[in-house]
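Shown below: query.pdb, with PDB, C-alpha atoms.
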ATOM      1  CA  MET A  18      -0.682  -1.892 -10.323
ATOM      2  CA  ASN A  19      -2.868  -3.958  -7.997
ATOM      3  CA  ILE A  20      -3.746  -2.805  -4.498
ATOM      4  CA  VAL A  21      -4.842  -5.397  -1.944
ATOM      5  CA  PHE A  22      -6.531  -4.449   1.333
ATOM      6  CA  GLY A  23      -6.333  -7.692   3.286
ATOM      7  CA  LYS A  24      -8.907 -10.418   3.735
ATOM      8  CA  PRO A  25     -12.419 -10.115   2.303
ATOM      9  CA  GLY A  26     -14.702  -8.377   4.765
ATOM     10  CA  GLU A  27     -11.769  -6.890   6.660
ATOM     11  CA  ASP A  28     -11.620  -3.096   6.693
ATOM     12  CA  PHE A  29      -8.213  -2.789   8.413
ATOM     13  CA  ALA A  30      -6.483  -0.594   5.822
ATOM     14  CA  ARG A  31      -9.367   1.817   5.394
ATOM     15  CA  TYR A  32      -9.701   2.242   9.148
ATOM     16  CA  TYR A  33      -6.049   3.015   9.794
ATOM     17  CA  PHE A  34      -5.104   4.771   6.548
ATOM     18  CA  PRO A  35      -7.800   5.592   3.984
ATOM     19  CA  TYR A  36      -6.519   4.658   0.539
ATOM     20  CA  GLU A  37      -8.521   7.473  -1.033
ATOM     21  CA  MET A  38      -6.187   9.992   0.621
ATOM     22  CA  CYS A  39      -3.117   8.861  -1.315
ATOM     23  CA  THR A  40      -4.316   7.358  -4.591
ATOM     24  CA  ASP A  41      -2.770  10.028  -6.817
ATOM     25  CA  GLU A  42       0.547  10.074  -4.944
ATOM     26  CA  VAL A  43       0.947   6.294  -5.020
ATOM     27  CA  GLU A  44       0.191   6.239  -8.741
ATOM     28  CA  LYS A  45       2.756   8.991  -9.440
ATOM     29  CA  LEU A  46       5.452   7.168  -7.457
ATOM     30  CA  TYR A  47       4.563   3.887  -9.192
ATOM     31  CA  LYS A  48       4.767   5.453 -12.670
ATOM     32  CA  ALA A  49       8.090   7.090 -11.735
ATOM     33  CA  GLY A  50       9.520   3.664 -10.805
ATOM     34  CA  ILE A  51       9.966   4.515  -7.125
ATOM     35  CA  LEU A  52       7.252   2.170  -5.866
ATOM     36  CA  THR A  53       7.239  -1.179  -7.638
ATOM     37  CA  GLY A  54       4.907  -3.416  -5.647
ATOM     38  CA  SER A  55       5.599  -6.665  -3.840
ATOM     39  CA  ASP A  56       5.555  -9.090  -6.772
ATOM     40  CA  ALA A  57       5.965  -9.272 -10.548
ATOM     41  CA  ALA A  58       2.384  -8.039 -11.043
ATOM     42  CA  GLY A  59       3.104  -4.857  -9.049
ATOM     43  CA  THR A  60       0.745  -5.742  -6.202
ATOM     44  CA  MET A  61       0.749  -3.242  -3.338
ATOM     45  CA  TYR A  62      -0.385  -4.513   0.055
ATOM     46  CA  ALA A  63      -1.820  -1.409   1.703
ATOM     47  CA  ASN A  64      -2.671  -3.193   4.948
ATOM     48  CA  ARG A  65       0.864  -3.948   6.115
ATOM     49  CA  TYR A  66       3.915  -1.994   7.176
ATOM     50  CA  LEU A  67       7.023  -1.654   5.023
ATOM     51  CA  THR A  68      10.001  -3.771   5.955
ATOM     52  CA  ARG A  69      13.377  -2.103   6.454
ATOM     53  CA  ALA A  70      14.557  -3.595   3.176
ATOM     54  CA  GLU A  71      11.568  -2.154   1.301
ATOM     55  CA  ALA A  72      12.092   1.271   2.865
ATOM     56  CA  VAL A  73      15.789   1.230   1.915
ATOM     57  CA  ALA A  74      14.889   0.228  -1.655
ATOM     58  CA  ILE A  75      12.441   3.137  -1.934
ATOM     59  CA  VAL A  76      14.973   5.632  -0.573
ATOM     60  CA  ALA A  77      17.622   4.252  -2.957
ATOM     61  CA  ARG A  78      15.256   4.726  -5.916
ATOM     62  CA  LEU A  79      14.511   8.289  -4.766
ATOM     63  CA  ILE A  80      18.221   9.113  -4.661
ATOM     64  CA  ASP A  81      19.533   7.127  -7.645
ATOM     65  CA  VAL A  82      17.423   7.664 -10.776
ATOM     66  CA  ASP A  83      19.232   4.810 -12.583
ATOM     67  CA  SER A  84      17.936   2.278 -10.030
ATOM     68  CA  ARG A  85      14.277   3.003 -10.863
ATOM     69  CA  LYS A  86      12.295   0.335 -12.704
TER      70      LYS A  86
END

Starting from the file, give its structure as structure tokens.
Amino acid sequence: MNIVFGKPGEDFARYYFPYEMCTDEVEKLYKAGILTGSDAAGTMYANRYLTRAEAVAIVARLIDVDSRK
């Protein structure tokens, strides 16, 4: 799992939502197959909002265990 916080020198994600607050939870959801990242490498972009499609996919994986990766 890779986590990207925007452009070098930009502290956007840490200002609005400190990553340190949710590290363990994100890792648990990733290992459970609920969060999968935005690409084949599992990259998570912490400095942007979820799209509706991404939110629906997460909810679907929460409800349907067989859809988890």

Margin query: Can you pull out the residues contacting Ile80 of chain A? Cut-off 12 Å, using all atoms listed in the file, and skip same-chain residues under 5 positions away; I want them as a VMD selection string.
Written below: chain A and resid 50 to 51 73 to 75 85

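The coordinates place atom CA of Asp81 of chain A at 24.8 Å from atom CA of Ala63 of chain A.
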
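With only C-alpha atoms as the atoms that count, the minimum distance from Thr68 of chain A to the choices A:Ser55, A:Cys39, A:Lys45, A:Asp83 is reached by A:Ser55.
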
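Between atom CA of Leu46 of chain A and atom CA of Ala58 of chain A lies a distance of 15.9 Å.
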
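Of the residues listed (A:Ser84, A:Tyr47, A:Glu42, A:Val76), A:Tyr47 shows the shortest atom-to-atom separation from Thr60 of chain A; distances use only C-alpha atoms.
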
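The space separating atom CA of Lys48 of chain A from atom CA of Met61 of chain A comes to 13.4 Å.
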